[in-house]
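**Q** Please find protein23.cif (mmCIF, C-alpha atoms and all ligand atoms) on the next line:
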```
data_my_file
#
loop_
_atom_site.label_atom_id
_atom_site.label_comp_id
_atom_site.auth_asym_id
_atom_site.auth_seq_id
_atom_site.Cartn_x
_atom_site.Cartn_y
_atom_site.Cartn_z
CA MET A 238 0.00 0.00 0.00
CA ASP A 239 1.49 3.39 -0.85
CA ALA A 240 2.22 5.89 1.91
CA LYS A 241 -0.40 8.43 0.85
CA TRP A 242 -3.00 5.73 0.87
CA THR A 243 -1.98 4.45 4.32
CA ARG A 244 -2.33 7.98 5.72
CA ARG A 245 -5.75 8.34 4.16
CA ALA A 246 -6.82 5.00 5.56
CA ALA A 247 -5.58 5.89 9.03
CA ALA A 248 -7.28 9.25 8.88
CA ALA A 249 -10.56 7.79 7.73
CA ALA A 250 -13.39 7.59 10.22
CA ALA A 251 -13.82 4.11 11.66
CA VAL A 252 -16.75 3.23 9.45
CA THR A 253 -15.76 5.12 6.33
CA VAL A 254 -14.26 3.17 3.51
CA VAL A 255 -11.54 5.09 1.70
CA ARG A 256 -12.27 4.83 -2.00
CA ALA A 257 -9.51 2.81 -3.61
CA ALA A 258 -10.37 3.51 -7.22
CA GLY A 259 -6.94 4.91 -8.05
CA ALA A 260 -4.94 1.91 -6.91
CA LYS A 261 -4.44 -1.05 -9.19
CA PRO A 262 -5.63 -4.46 -7.88
CA ALA A 263 -2.79 -6.74 -6.80
CA LEU A 264 -4.14 -9.43 -9.13
CA LEU A 265 -3.48 -7.05 -12.05
CA GLY A 266 0.03 -6.21 -10.87
CA GLY A 267 -0.66 -3.49 -8.27
CA GLU A 268 0.55 -3.27 -4.68
CA PRO A 269 -1.31 -5.54 -2.26
CA ILE A 270 -3.25 -3.71 0.46
CA ARG A 271 -1.76 -5.92 3.16
CA LYS A 272 1.72 -7.40 3.28
CA HIS A 273 1.81 -9.03 6.69
CA PRO A 274 -0.20 -11.93 8.08
CA PHE A 275 -3.23 -11.61 10.34
CA PRO A 276 -2.76 -12.44 14.05
CA LYS A 277 -1.49 -15.95 14.69
CA TRP A 278 -3.68 -18.62 16.23
CA PRO A 279 -3.50 -20.07 18.88
CA VAL A 280 -2.38 -17.53 21.46
CA TYR A 281 -0.44 -18.94 24.42
CA GLY A 282 2.22 -18.07 26.99
CA PRO A 283 3.46 -18.86 30.49
CA PRO A 284 0.03 -19.92 31.92
CA GLU A 285 -0.32 -22.64 29.26
CA GLU A 286 3.31 -23.75 29.73
CA THR A 287 2.85 -23.98 33.49
CA ALA A 288 -0.42 -25.91 33.09
CA LEU A 289 1.13 -28.46 30.75
CA VAL A 290 4.36 -28.95 32.66
CA SER A 291 2.64 -29.31 36.00
CA THR A 292 0.28 -31.91 34.53
CA LEU A 293 3.29 -33.74 33.13
CA ARG A 294 4.90 -33.80 36.55
CA THR A 295 1.85 -35.27 38.27
CA GLY A 296 2.39 -38.42 36.20
CA GLN A 297 -1.40 -38.69 36.09
CA TRP A 298 -2.29 -38.16 32.50
CA TYR A 299 -5.82 -39.55 32.17
CA ARG A 300 -9.03 -38.59 33.91
CA GLY A 301 -9.18 -41.85 35.86
CA SER A 302 -6.15 -40.87 37.93
CA GLY A 303 -5.88 -37.08 37.57
CA SER A 304 -8.12 -34.14 38.44
CA ALA A 305 -7.59 -31.67 35.56
CA VAL A 306 -10.51 -32.97 33.44
CA GLY A 307 -12.93 -32.67 36.36
CA ARG A 308 -11.68 -29.18 37.17
CA PHE A 309 -12.05 -28.06 33.57
CA GLU A 310 -15.60 -29.47 33.43
CA GLU A 311 -16.53 -27.40 36.46
CA LYS A 312 -14.90 -24.26 35.10
CA PHE A 313 -16.54 -24.58 31.69
CA ALA A 314 -19.95 -25.45 33.17
CA THR A 315 -19.78 -22.39 35.47
CA ALA A 316 -18.72 -20.06 32.65
CA MET A 317 -21.54 -21.35 30.47
CA GLY A 318 -24.18 -21.36 33.20
CA SER A 319 -24.86 -25.08 32.78
CA PRO A 320 -25.22 -27.51 35.70
CA TYR A 321 -23.55 -30.44 33.91
CA CYS A 322 -20.57 -30.65 31.60
CA LEU A 323 -18.81 -33.72 30.23
CA ALA A 324 -15.44 -33.19 28.55
CA VAL A 325 -14.72 -35.55 25.66
CA ALA A 326 -12.05 -36.19 23.02
CA ASN A 327 -13.40 -33.86 20.30
CA GLY A 328 -16.52 -32.20 18.92
CA THR A 329 -17.45 -35.19 16.77
CA SER A 330 -17.38 -37.50 19.78
CA ALA A 331 -19.34 -34.90 21.75
CA LEU A 332 -22.12 -35.21 19.15
CA MET A 333 -21.91 -39.03 19.19
CA VAL A 334 -21.97 -39.18 22.98
CA ALA A 335 -24.89 -36.72 23.17
CA LEU A 336 -26.85 -38.61 20.52
CA HIS A 337 -26.37 -41.76 22.61
CA GLY A 338 -27.53 -39.87 25.71
CA LEU A 339 -30.63 -38.75 23.79
CA ASP A 340 -31.27 -42.39 22.83
CA VAL A 341 -30.84 -42.02 19.07
CA GLN A 342 -30.80 -45.55 17.67
CA PRO A 343 -30.33 -47.33 14.31
CA GLY A 344 -33.33 -46.77 12.06
CA ASP A 345 -34.21 -43.39 13.61
CA GLU A 346 -34.32 -40.11 11.70
CA VAL A 347 -32.54 -36.92 12.82
CA ILE A 348 -33.24 -33.53 11.24
CA VAL A 349 -30.09 -31.60 10.29
CA PRO A 350 -29.01 -28.52 8.34
CA PRO A 351 -27.03 -28.93 5.12
CA TYR A 352 -24.91 -25.88 6.01
CA THR A 353 -22.55 -27.32 8.61
CA PHE A 354 -19.29 -29.18 9.02
CA ILE A 355 -19.53 -32.81 7.90
CA ALA A 356 -19.10 -34.03 11.51
CA THR A 357 -22.71 -33.10 12.36
CA ILE A 358 -23.89 -35.55 9.69
CA ASN A 359 -21.24 -38.21 10.40
CA ALA A 360 -22.30 -38.34 14.05
CA VAL A 361 -25.89 -39.09 12.98
CA LEU A 362 -24.75 -41.72 10.46
CA SER A 363 -22.51 -43.34 13.07
CA LYS A 364 -25.66 -44.16 15.06
CA GLY A 365 -27.26 -45.85 12.04
CA ALA A 366 -29.71 -42.95 11.92
CA LEU A 367 -30.84 -41.15 8.78
CA PRO A 368 -29.98 -37.45 8.46
CA VAL A 369 -32.97 -35.57 7.07
CA PHE A 370 -31.95 -32.19 5.65
CA ILE A 371 -34.01 -29.03 5.88
CA ASP A 372 -33.14 -25.81 4.09
CA THR A 373 -31.03 -22.90 5.31
CA ASP A 374 -32.23 -19.34 5.89
CA PRO A 375 -29.89 -17.54 3.49
CA ARG A 376 -30.04 -14.28 5.47
CA THR A 377 -28.68 -15.87 8.64
CA PHE A 378 -26.89 -18.95 7.19
CA GLN A 379 -28.71 -20.94 9.93
CA MET A 380 -31.19 -23.83 9.88
CA ASP A 381 -34.58 -22.51 8.71
CA THR A 382 -36.71 -23.69 11.62
CA THR A 383 -39.91 -22.84 9.74
CA LYS A 384 -39.15 -26.01 7.75
CA LEU A 385 -38.58 -28.18 10.84
CA GLU A 386 -42.04 -29.40 11.70
CA ALA A 387 -42.91 -30.55 8.18
CA ALA A 388 -39.79 -32.77 8.14
CA ILE A 389 -40.87 -34.78 11.21
CA THR A 390 -41.99 -38.37 10.50
CA ASP A 391 -42.94 -41.31 12.72
CA ARG A 392 -39.21 -42.16 12.92
CA THR A 393 -37.90 -38.70 13.88
CA VAL A 394 -36.32 -38.60 17.34
CA ALA A 395 -34.14 -35.48 17.27
CA ALA A 396 -33.08 -32.35 15.41
CA ILE A 397 -29.66 -30.66 15.44
CA PRO A 398 -29.64 -26.91 14.88
CA VAL A 399 -26.00 -25.86 14.40
CA ASP A 400 -24.82 -22.48 15.72
CA MET A 401 -23.09 -21.65 12.46
CA ALA A 402 -20.09 -19.38 12.87
CA GLY A 403 -21.12 -18.92 16.50
CA ALA A 404 -24.67 -17.56 16.06
CA PRO A 405 -27.90 -19.53 16.43
CA ALA A 406 -30.96 -20.53 14.43
CA ASN A 407 -34.31 -19.73 16.06
CA LEU A 408 -33.76 -21.94 19.11
CA ASP A 409 -37.03 -20.95 20.82
CA HIS A 410 -38.88 -22.18 17.77
CA ALA A 411 -36.86 -25.41 17.61
CA ASN A 412 -37.44 -26.07 21.34
CA GLU A 413 -41.16 -25.35 21.08
CA ILE A 414 -41.53 -27.81 18.20
CA GLY A 415 -39.35 -30.35 20.03
CA ARG A 416 -41.52 -30.20 23.16
CA ARG A 417 -44.82 -30.31 21.27
CA ARG A 418 -43.83 -33.12 18.88
CA GLY A 419 -41.79 -35.16 21.36
CA ILE A 420 -38.39 -34.90 19.68
CA LYS A 421 -35.10 -33.91 21.33
CA ILE A 422 -33.18 -30.81 20.26
CA LEU A 423 -29.39 -31.08 20.27
CA GLU A 424 -27.55 -27.80 19.75
CA ASP A 425 -24.27 -28.25 17.85
CA ALA A 426 -22.37 -25.35 19.41
CA ALA A 427 -18.97 -26.51 18.12
CA GLN A 428 -18.31 -22.99 16.80
CA ALA A 429 -20.17 -21.01 19.44
CA HIS A 430 -18.06 -20.44 22.58
CA LEU A 431 -19.60 -17.47 24.46
CA GLY A 432 -22.23 -16.85 21.80
CA GLU A 433 -25.66 -16.05 23.30
CA TRP A 434 -29.40 -16.56 22.78
CA ARG A 435 -31.49 -14.04 24.73
CA GLY A 436 -28.56 -13.45 27.10
CA ARG A 437 -27.93 -17.15 27.80
CA LYS A 438 -24.89 -18.99 26.51
CA LEU A 439 -25.21 -21.01 23.33
CA GLY A 440 -24.85 -24.73 23.97
CA THR A 441 -27.16 -24.47 27.00
CA ILE A 442 -30.44 -23.59 25.29
CA CYS A 443 -31.71 -27.01 24.19
CA ASP A 444 -31.88 -30.56 25.63
CA ALA A 445 -28.10 -30.82 25.19
CA GLY A 446 -25.34 -28.81 23.53
CA THR A 447 -21.98 -29.90 22.18
CA PHE A 448 -18.68 -28.05 21.71
CA SER A 449 -15.44 -28.60 19.81
CA PHE A 450 -12.03 -27.48 21.09
CA GLN A 451 -10.26 -28.44 17.87
CA ALA A 452 -7.29 -26.30 16.78
CA SER A 453 -9.22 -23.73 14.73
CA LYS A 454 -11.83 -23.10 17.45
CA ASN A 455 -12.11 -19.99 19.63
CA LEU A 456 -11.29 -22.20 22.64
CA ASN A 457 -8.78 -24.86 21.70
CA SER A 458 -6.56 -27.65 22.93
CA GLY A 459 -5.62 -29.08 19.53
CA GLU A 460 -8.47 -31.59 19.89
CA GLY A 461 -11.20 -31.67 22.50
CA GLY A 462 -14.94 -31.40 23.03
CA ALA A 463 -17.71 -31.15 25.60
CA VAL A 464 -21.38 -31.95 26.16
CA LEU A 465 -23.52 -29.60 28.26
CA THR A 466 -26.95 -30.37 29.65
CA ARG A 467 -29.31 -29.49 32.48
CA ASP A 468 -30.52 -33.10 32.65
CA LYS A 469 -28.60 -35.15 35.22
CA ALA A 470 -29.82 -38.51 33.93
CA LEU A 471 -28.76 -37.57 30.40
CA TRP A 472 -25.36 -36.53 31.71
CA GLU A 473 -24.99 -39.88 33.53
CA ARG A 474 -25.77 -41.78 30.30
CA CYS A 475 -23.25 -39.66 28.40
CA TYR A 476 -20.65 -40.17 31.12
CA ALA A 477 -20.96 -43.98 31.01
CA TYR A 478 -20.91 -44.03 27.21
CA HIS A 479 -17.76 -41.90 27.00
CA THR A 480 -15.78 -44.23 29.24
CA ASN A 481 -16.68 -47.77 28.18
CA SER A 482 -19.85 -48.16 30.21
CA SER A 483 -18.22 -47.34 33.54
CA ALA A 484 -20.32 -45.56 36.10
CA ARG A 485 -18.73 -42.89 38.25
CA ARG A 486 -17.40 -43.93 41.63
CA GLY A 487 -20.21 -44.39 44.10
CA THR A 488 -22.96 -44.84 41.51
CA GLU A 489 -24.59 -47.96 40.09
CA PRO A 490 -22.68 -49.61 37.21
CA ALA A 491 -24.03 -48.39 33.87
CA ALA A 492 -26.08 -50.90 31.94
CA SER A 493 -25.43 -49.56 28.47
CA MET A 494 -22.84 -49.80 25.76
CA GLY A 495 -19.99 -47.34 25.43
CA GLY A 496 -16.64 -46.49 23.93
CA ASN A 497 -13.61 -44.43 24.86
CA TYR A 498 -14.18 -40.75 24.13
CA ARG A 499 -12.20 -39.35 27.05
CA LEU A 500 -10.31 -36.06 27.09
CA THR A 501 -6.74 -36.28 28.45
CA GLU A 502 -5.48 -34.38 31.49
CA PHE A 503 -3.10 -32.38 29.28
CA GLN A 504 -5.91 -31.11 27.06
CA ALA A 505 -8.01 -30.21 30.10
CA ALA A 506 -5.16 -28.31 31.76
CA LEU A 507 -4.52 -26.41 28.52
CA LEU A 508 -8.21 -25.60 28.10
CA ALA A 509 -8.51 -24.27 31.65
CA ALA A 510 -5.61 -21.89 30.94
CA GLN A 511 -7.01 -20.88 27.54
CA MET A 512 -10.38 -20.11 29.13
CA ASP A 513 -8.82 -17.19 31.01
CA ARG A 514 -8.21 -15.50 27.64
CA LEU A 515 -11.61 -16.27 26.14
CA GLU A 516 -13.73 -13.24 27.17
CA ALA A 517 -11.10 -10.65 26.20
CA GLN A 518 -10.61 -12.34 22.82
CA ALA A 519 -14.38 -12.49 22.33
CA ARG A 520 -14.70 -8.74 23.03
CA GLN A 521 -12.06 -7.99 20.45
CA ARG A 522 -13.93 -10.06 17.87
CA ASP A 523 -17.23 -8.34 18.83
CA ALA A 524 -15.74 -4.90 18.21
CA ASN A 525 -13.96 -5.81 14.99
CA ALA A 526 -16.94 -7.68 13.53
CA ALA A 527 -19.22 -4.70 14.29
CA LEU A 528 -16.78 -2.38 12.54
CA LEU A 529 -16.39 -4.64 9.53
CA SER A 530 -20.17 -5.05 9.21
CA LYS A 531 -20.59 -1.27 9.11
CA GLN A 532 -17.88 -0.95 6.49
CA PHE A 533 -19.55 -3.64 4.39
CA ARG A 534 -22.79 -1.66 4.38
CA VAL A 535 -20.91 1.32 2.95
CA ILE A 536 -19.28 -0.78 0.22
CA GLY A 537 -22.43 -2.69 -0.87
CA GLY A 538 -22.66 -6.06 -2.60
CA VAL A 539 -21.22 -7.84 0.43
CA ALA A 540 -23.92 -8.75 2.97
CA PRO A 541 -22.80 -10.09 6.37
CA ALA A 542 -24.81 -13.00 7.79
CA GLU A 543 -27.62 -11.51 9.88
CA TRP A 544 -28.44 -12.58 13.42
CA THR A 545 -31.64 -14.50 14.04
CA ASP A 546 -33.98 -12.34 16.13
CA GLY A 547 -33.14 -13.44 19.71
CA CYS A 548 -29.39 -13.75 19.21
CA THR A 549 -27.65 -11.42 21.68
CA ARG A 550 -24.02 -12.29 20.91
CA SER A 551 -22.13 -14.20 18.23
CA ALA A 552 -18.93 -16.08 18.96
CA TRP A 553 -17.67 -14.88 15.56
CA HIS A 554 -15.92 -18.17 14.87
CA LEU A 555 -16.23 -17.06 11.26
CA PHE A 556 -17.19 -13.77 9.63
CA MET A 557 -19.52 -14.93 6.84
CA PHE A 558 -21.05 -12.84 4.11
CA ARG A 559 -22.88 -13.19 0.80
CA TYR A 560 -21.09 -11.88 -2.24
CA ASP A 561 -23.35 -10.41 -4.91
CA ALA A 562 -21.50 -10.68 -8.22
CA ALA A 563 -24.09 -8.47 -9.92
CA GLN A 564 -22.87 -5.52 -7.86
CA PHE A 565 -19.28 -6.30 -8.92
CA HIS A 566 -19.86 -6.13 -12.71
CA GLY A 567 -20.49 -9.89 -12.79
CA LEU A 568 -17.05 -10.72 -11.35
CA PRO A 569 -17.40 -14.44 -10.43
CA ARG A 570 -16.99 -15.30 -6.75
CA ALA A 571 -13.93 -17.49 -7.48
CA LYS A 572 -12.17 -14.51 -9.09
CA PHE A 573 -13.26 -12.22 -6.24
CA LEU A 574 -11.68 -14.65 -3.75
CA LYS A 575 -8.50 -14.77 -5.83
CA ALA A 576 -8.34 -10.99 -6.03
CA LEU A 577 -8.92 -10.66 -2.28
CA ALA A 578 -6.20 -13.22 -1.49
CA ALA A 579 -3.84 -11.31 -3.79
CA GLU A 580 -4.52 -8.18 -1.69
CA GLY A 581 -3.25 -10.13 1.34
CA ILE A 582 -6.70 -10.96 2.74
CA PRO A 583 -7.14 -14.75 3.20
CA CYS A 584 -10.68 -15.95 2.51
CA SER A 585 -12.63 -19.02 1.49
CA SER A 586 -15.89 -19.99 -0.16
CA GLY A 587 -16.98 -22.08 2.86
CA TYR A 588 -19.14 -25.18 2.75
CA THR A 589 -20.55 -27.01 -0.26
CA PRO A 590 -24.07 -28.56 0.00
CA LEU A 591 -23.66 -31.54 2.34
CA ASN A 592 -26.99 -33.08 1.37
CA LYS A 593 -25.68 -33.74 -2.14
CA GLN A 594 -22.27 -35.19 -1.35
CA ALA A 595 -21.10 -38.56 -2.65
CA PHE A 596 -20.10 -39.84 0.80
CA LEU A 597 -23.71 -39.64 1.89
CA ARG A 598 -25.00 -41.58 -1.12
CA ASN A 599 -22.34 -44.26 -0.52
CA VAL A 600 -23.27 -44.66 3.15
CA LEU A 601 -27.00 -44.74 2.48
CA GLU A 602 -26.59 -47.27 -0.33
CA GLY A 603 -24.45 -49.51 1.89
CA ARG A 604 -25.67 -52.85 3.28
CA GLY A 605 -26.36 -51.56 6.82
CA PHE A 606 -28.57 -48.63 5.84
CA GLN A 607 -30.38 -50.72 3.19
CA ARG A 608 -31.38 -53.10 5.99
CA LEU A 609 -32.47 -50.30 8.31
CA PHE A 610 -34.51 -48.27 5.84
CA SER A 611 -36.96 -49.64 3.29
CA ARG A 612 -36.68 -48.83 -0.40
CA GLU A 613 -39.87 -46.82 -0.10
CA ARG A 614 -38.50 -44.71 2.79
CA MET A 615 -35.24 -44.05 0.96
CA LYS A 616 -37.21 -43.00 -2.12
CA GLN A 617 -39.16 -40.53 0.01
CA TRP A 618 -35.91 -39.28 1.56
CA GLN A 619 -34.50 -38.72 -1.93
CA GLU A 620 -37.62 -36.83 -3.02
CA ARG A 621 -37.50 -34.60 0.07
CA ASN A 622 -33.76 -33.97 -0.09
CA HIS A 623 -33.90 -30.53 -1.72
CA CYS A 624 -32.50 -27.40 -0.13
CA PRO A 625 -32.55 -24.78 -2.90
CA ALA A 626 -31.83 -21.78 -0.65
CA ASN A 627 -28.78 -23.58 0.70
CA ASP A 628 -27.61 -24.50 -2.83
CA GLN A 629 -27.77 -20.84 -3.77
CA LEU A 630 -26.07 -19.71 -0.54
CA CYS A 631 -23.17 -22.09 -1.19
CA THR A 632 -22.52 -20.27 -4.48
CA GLU A 633 -22.44 -16.82 -2.81
CA ALA A 634 -20.82 -17.31 0.61
CA VAL A 635 -17.41 -15.97 1.61
CA TRP A 636 -15.71 -16.58 4.96
CA PHE A 637 -13.00 -14.99 7.05
CA THR A 638 -11.59 -16.97 9.97
CA GLN A 639 -11.90 -15.85 13.59
CA ASN A 640 -8.21 -15.02 14.09
CA MET A 641 -8.61 -12.22 11.51
CA LEU A 642 -10.92 -10.49 14.03
CA THR A 643 -8.48 -10.65 16.95
CA GLY A 644 -6.24 -7.75 15.86
CA GLY A 645 -6.86 -4.01 15.63
CA GLU A 646 -9.12 -1.62 13.71
CA GLU A 647 -6.53 -1.20 10.99
CA ASP A 648 -6.95 -4.86 10.06
CA MET A 649 -10.67 -4.26 9.43
CA GLN A 650 -9.90 -1.12 7.51
CA GLN A 651 -7.58 -3.08 5.24
CA ILE A 652 -10.16 -5.78 4.58
CA ALA A 653 -12.67 -3.08 3.63
CA LEU A 654 -10.13 -1.25 1.48
CA ALA A 655 -9.26 -4.44 -0.39
CA ILE A 656 -12.92 -5.20 -1.15
CA ASP A 657 -13.59 -1.62 -2.14
CA LYS A 658 -10.60 -1.64 -4.48
CA ILE A 659 -11.77 -4.88 -6.09
CA LYS A 660 -15.24 -3.41 -6.52
CA ALA A 661 -13.86 -0.29 -8.16
CA HIS A 662 -11.90 -2.44 -10.64
CA ALA A 663 -14.42 -5.27 -10.95
CA SER A 664 -15.01 -4.81 -14.68
CA GLU A 665 -11.26 -5.06 -15.47
CA LEU A 666 -10.92 -8.05 -13.15
CA ALA A 667 -13.90 -9.75 -14.76
CA LYS A 668 -12.29 -9.70 -18.22
C1 LIG B 701 -20.38 -27.38 13.39
C2 LIG B 701 -19.35 -28.39 13.80
N1 LIG B 701 -19.75 -29.54 14.35
C3 LIG B 701 -18.87 -30.47 14.75
C4 LIG B 701 -17.51 -30.29 14.60
C5 LIG B 701 -16.58 -31.38 14.97
O1 LIG B 701 -15.64 -31.04 15.92
P1 LIG B 701 -14.22 -31.77 15.97
O2 LIG B 701 -13.43 -31.34 14.80
O3 LIG B 701 -13.65 -31.30 17.27
O4 LIG B 701 -14.47 -33.24 15.98
C6 LIG B 701 -17.04 -29.09 14.06
C7 LIG B 701 -15.60 -28.84 13.91
O5 LIG B 701 -15.11 -28.20 13.03
C8 LIG B 701 -17.98 -28.11 13.64
O6 LIG B 701 -17.59 -26.95 13.09
#
```
Could I get this file's structure written as structure tokens?
Ligand SMILES: Cc1ncc(COP(=O)(O)O)c(C=O)c1O
**A**
Amino acid sequence: MDAKWTRRAAAAAAVTVVRAAGAKPALLGGEPIRKHPFPKWPVYGPPEETALVSTLRTGQWYRGSGSAVGRFEEKFATAMGSPYCLAVANGTSALMVALHGLDVQPGDEVIVPPYTFIATINAVLSKGALPVFIDTDPRTFQMDTTKLEAAITDRTVAAIPVDMAGAPANLDHANEIGRRRGIKILEDAAQAHLGEWRGRKLGTICDAGTFSFQASKNLNSGEGGAVLTRDKALWERCYAYHTNSSARRGTEPAASMGGNYRLTEFQAALLAAQMDRLEAQARQRDANAALLSKQFRVIGGVAPAEWTDGCTRSAWHLFMFRYDAAQFHGLPRAKFLKALAAEGIPCSSGYTPLNKQAFLRNVLEGRGFQRLFSRERMKQWQERNHCPANDQLCTEAVWFTQNMLTGGEEDMQQIALAIDKIKAHASELAK
């Protein structure tokens, strides 16, 4: 970026985008807007080092002998305002454990969104249950709960609204339908640490909520996960399942199947230390995302995902927006992404429609599922498996990752400048 331009950018009011018409796009040989990387992720220091080394020195590295997992569960439960927390190996196992706790069995149906990470669907499939997709609200990028009730059949036992990017679908609506129709609602809050619905933490709003602490997440220990619930009996079932059918000391032995989905003491110690950074990092993302959203409104043609009415805070795991090529002289999204990356702004096109992927067809055509679901039922599933709004959204979406929101205002200004510059030169770029 040339010096004059930098001064103008710095002088610009926080929400004013400096017109970049004079500067040549980096993709066409101009200077990139940004020449240094966005803040690194994860962030760590002496507290994490102390936590890990002291766990090492206890020589007690699994939850059966140590106390770090139990302490983390208490700390996370308190921070989230949930009476029960179970730490597990990762977010996928959290979903599998919770689905077991909710008694999802082979041959059942579970309603899911097509706009999510594949793990949401894999967890359902791993139970021998059929994922039934309902469409996405393209304004919010969340499950369209107005489609939920019509998707319920005699086999439906649960629905999984996903808090995409850290903001929710209409969870009141999902819960109301769940109660009235006798199905469980499992909130996949893998991306939603400290996000809120009507002032309460995401992951605590439905029958159960699950989290991921995988490396990209806002709270991370490389791998890790958790289940939250207010239901003690559900928590007990999850506990037994996550540790090969063992009951906790002093309780009756569990009479159900299980596996090993335990978190290690090291991961728990690291998570407890990382939690002390969480609120300050979240505030930074709140401020930066608000600024970027305002700048986007000035630019036009880039529409940030809206919050469902009732959302009071997003975790901003991602900053998602819809790109309108028509407002960029028809510049295709792929070229827009390329031009943005050339300006030094990393970005991606996000998810592709999960309900249409080959892996799903292969699983459903496999021997096990053919035995569980009649030809007639699978035909009906096929006929219902249309999510046109989601298909369209997947052609328009653009994502920034959460670490890009953890720096200063200048970072947001540069993102806005880069998009504005591309817009000003869209017709040349489109050639
Ligand atoms: C919405 C969603 N669900 C589930 C998962 C699975 O979590 P993990 O990768 O920890 O298994 C993820 C992780 O990316 C996710 O984004």
**Q** Could you list, with a cut-off of 6 Å and counting only C-alpha atoms and all ligand atoms, the residues of chain A near ligand LIG 701 (chain B), each shown with its nearest atom pair and the distance in Å rounded to one decimal, rows sorted by chain and ascending number, as a tab-separated table?
**A**
```
residue	atom	partner	partner_atom	distance
A:Asn327	CA	B:LIG701	O3	4.0
A:Gly328	CA	B:LIG701	O1	3.3
A:Thr329	CA	B:LIG701	O4	3.6
A:Thr353	CA	B:LIG701	C1	5.2
A:Phe354	CA	B:LIG701	C2	4.8
A:Ala356	CA	B:LIG701	C3	4.8
A:Thr357	CA	B:LIG701	N1	5.0
A:Val399	CA	B:LIG701	C1	5.9
A:Asp425	CA	B:LIG701	N1	5.9
A:Ala427	CA	B:LIG701	C2	4.7
A:Gln428	CA	B:LIG701	O6	5.5
A:Ser449	CA	B:LIG701	O3	4.1
A:Phe450	CA	B:LIG701	O3	5.6
A:Gln451	CA	B:LIG701	O3	4.5
A:Glu460	CA	B:LIG701	O3	5.8
A:Gly461	CA	B:LIG701	O3	5.8
A:Gly462	CA	B:LIG701	O3	5.9
```
**Q** Could you check the closest approach to A:Asn412 for each of A:Ile652, A:Gly581, A:Ile389, A:Ile442 and tell me which residue wins, using all atoms listed in the file?
**A**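 Among the listed residues, A:Ile442 lies closest to A:Asn412.
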**Q** Using Å and a single decimal, report how far atom CA of A:Ala360 sits from atom CA of A:Met333.
**A**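 Atom-to-atom, atom CA of A:Met333 to atom CA of A:Ala360, that is 5.2 Å.
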**Q** Give me, as JSON lines, each residue of stretch 243-339 of chain A that comes within 8 Å of stretch 476-487 of chain A, together with its shortest interatomic pair and the distance in Å at one decimal, counting only C-alpha atoms, with rows ordered by chain and rising residue number.
**A**
```
{"residue": "A:Leu323", "atom": "CA", "partner": "A:Tyr476", "partner_atom": "CA", "distance": 6.8}
{"residue": "A:Val325", "atom": "CA", "partner": "A:His479", "partner_atom": "CA", "distance": 7.2}
{"residue": "A:Val334", "atom": "CA", "partner": "A:His479", "partner_atom": "CA", "distance": 6.4}
{"residue": "A:His337", "atom": "CA", "partner": "A:Tyr478", "partner_atom": "CA", "distance": 7.5}
{"residue": "A:Gly338", "atom": "CA", "partner": "A:Tyr478", "partner_atom": "CA", "distance": 8.0}
```
**Q** I need the residue nearest A:Ser664 from this list: A:Ala411, A:Ile348, A:Pro569, A:Ile371. Use only C-alpha atoms for the distance.
**A** A:Pro569
**Q** Considering all atoms listed in the file, give me a table of residues in stretch 550-586 of chain A that are at most 12 Å from stretch 608-631 of chain A, with the closest atom pair and distance in Å for each, as a tab-separated table.
**A**
```
residue	atom	partner	partner_atom	distance
A:Met557	CA	A:Leu630	CA	11.0
A:Phe558	CA	A:Leu630	CA	9.7
A:Arg559	CA	A:Leu630	CA	7.4
A:Tyr560	CA	A:Leu630	CA	9.4
A:Asp561	CA	A:Leu630	CA	10.6
A:Arg570	CA	A:Cys631	CA	10.7
A:Ser585	CA	A:Cys631	CA	11.3
A:Ser586	CA	A:Cys631	CA	7.6
```
**Q** Take the selection from the previous step and output its residues with C-alpha atoms, as a CSV table (one decimal), in the frame of the given file.
**A**
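Saved result, result09.csv, follows:
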```csv
chain,number,residue,atom,x,y,z
A,557,MET,CA,-19.5,-14.9,6.8
A,558,PHE,CA,-21.0,-12.8,4.1
A,559,ARG,CA,-22.9,-13.2,0.8
A,560,TYR,CA,-21.1,-11.9,-2.2
A,561,ASP,CA,-23.4,-10.4,-4.9
A,570,ARG,CA,-17.0,-15.3,-6.8
A,585,SER,CA,-12.6,-19.0,1.5
A,586,SER,CA,-15.9,-20.0,-0.2
```
**Q** Any chance you could build stretch 397-401 of chain A out to N, CA and C atoms and write it as a PDB file, in the coordinates of the input?
**A**
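And here's result14.pdb as it stands now:
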```
ATOM      1  N   ILE A 397     -30.927 -31.296  15.019  1.00  0.00           N
ATOM      2  CA  ILE A 397     -29.660 -30.660  15.440  1.00  0.00           C
ATOM      3  C   ILE A 397     -29.503 -29.301  14.775  1.00  0.00           C
ATOM      4  N   PRO A 398     -30.013 -28.234  15.392  1.00  0.00           N
ATOM      5  CA  PRO A 398     -29.640 -26.910  14.880  1.00  0.00           C
ATOM      6  C   PRO A 398     -28.158 -26.652  15.205  1.00  0.00           C
ATOM      7  N   VAL A 399     -27.436 -26.137  14.220  1.00  0.00           N
ATOM      8  CA  VAL A 399     -26.000 -25.860  14.400  1.00  0.00           C
ATOM      9  C   VAL A 399     -25.836 -24.348  14.561  1.00  0.00           C
ATOM     10  N   ASP A 400     -25.073 -23.922  15.546  1.00  0.00           N
ATOM     11  CA  ASP A 400     -24.820 -22.480  15.720  1.00  0.00           C
ATOM     12  C   ASP A 400     -23.708 -22.080  14.750  1.00  0.00           C
ATOM     13  N   MET A 401     -24.089 -21.894  13.499  1.00  0.00           N
ATOM     14  CA  MET A 401     -23.090 -21.650  12.460  1.00  0.00           C
ATOM     15  C   MET A 401     -22.310 -20.360  12.692  1.00  0.00           C
TER      16      MET A 401
END
```
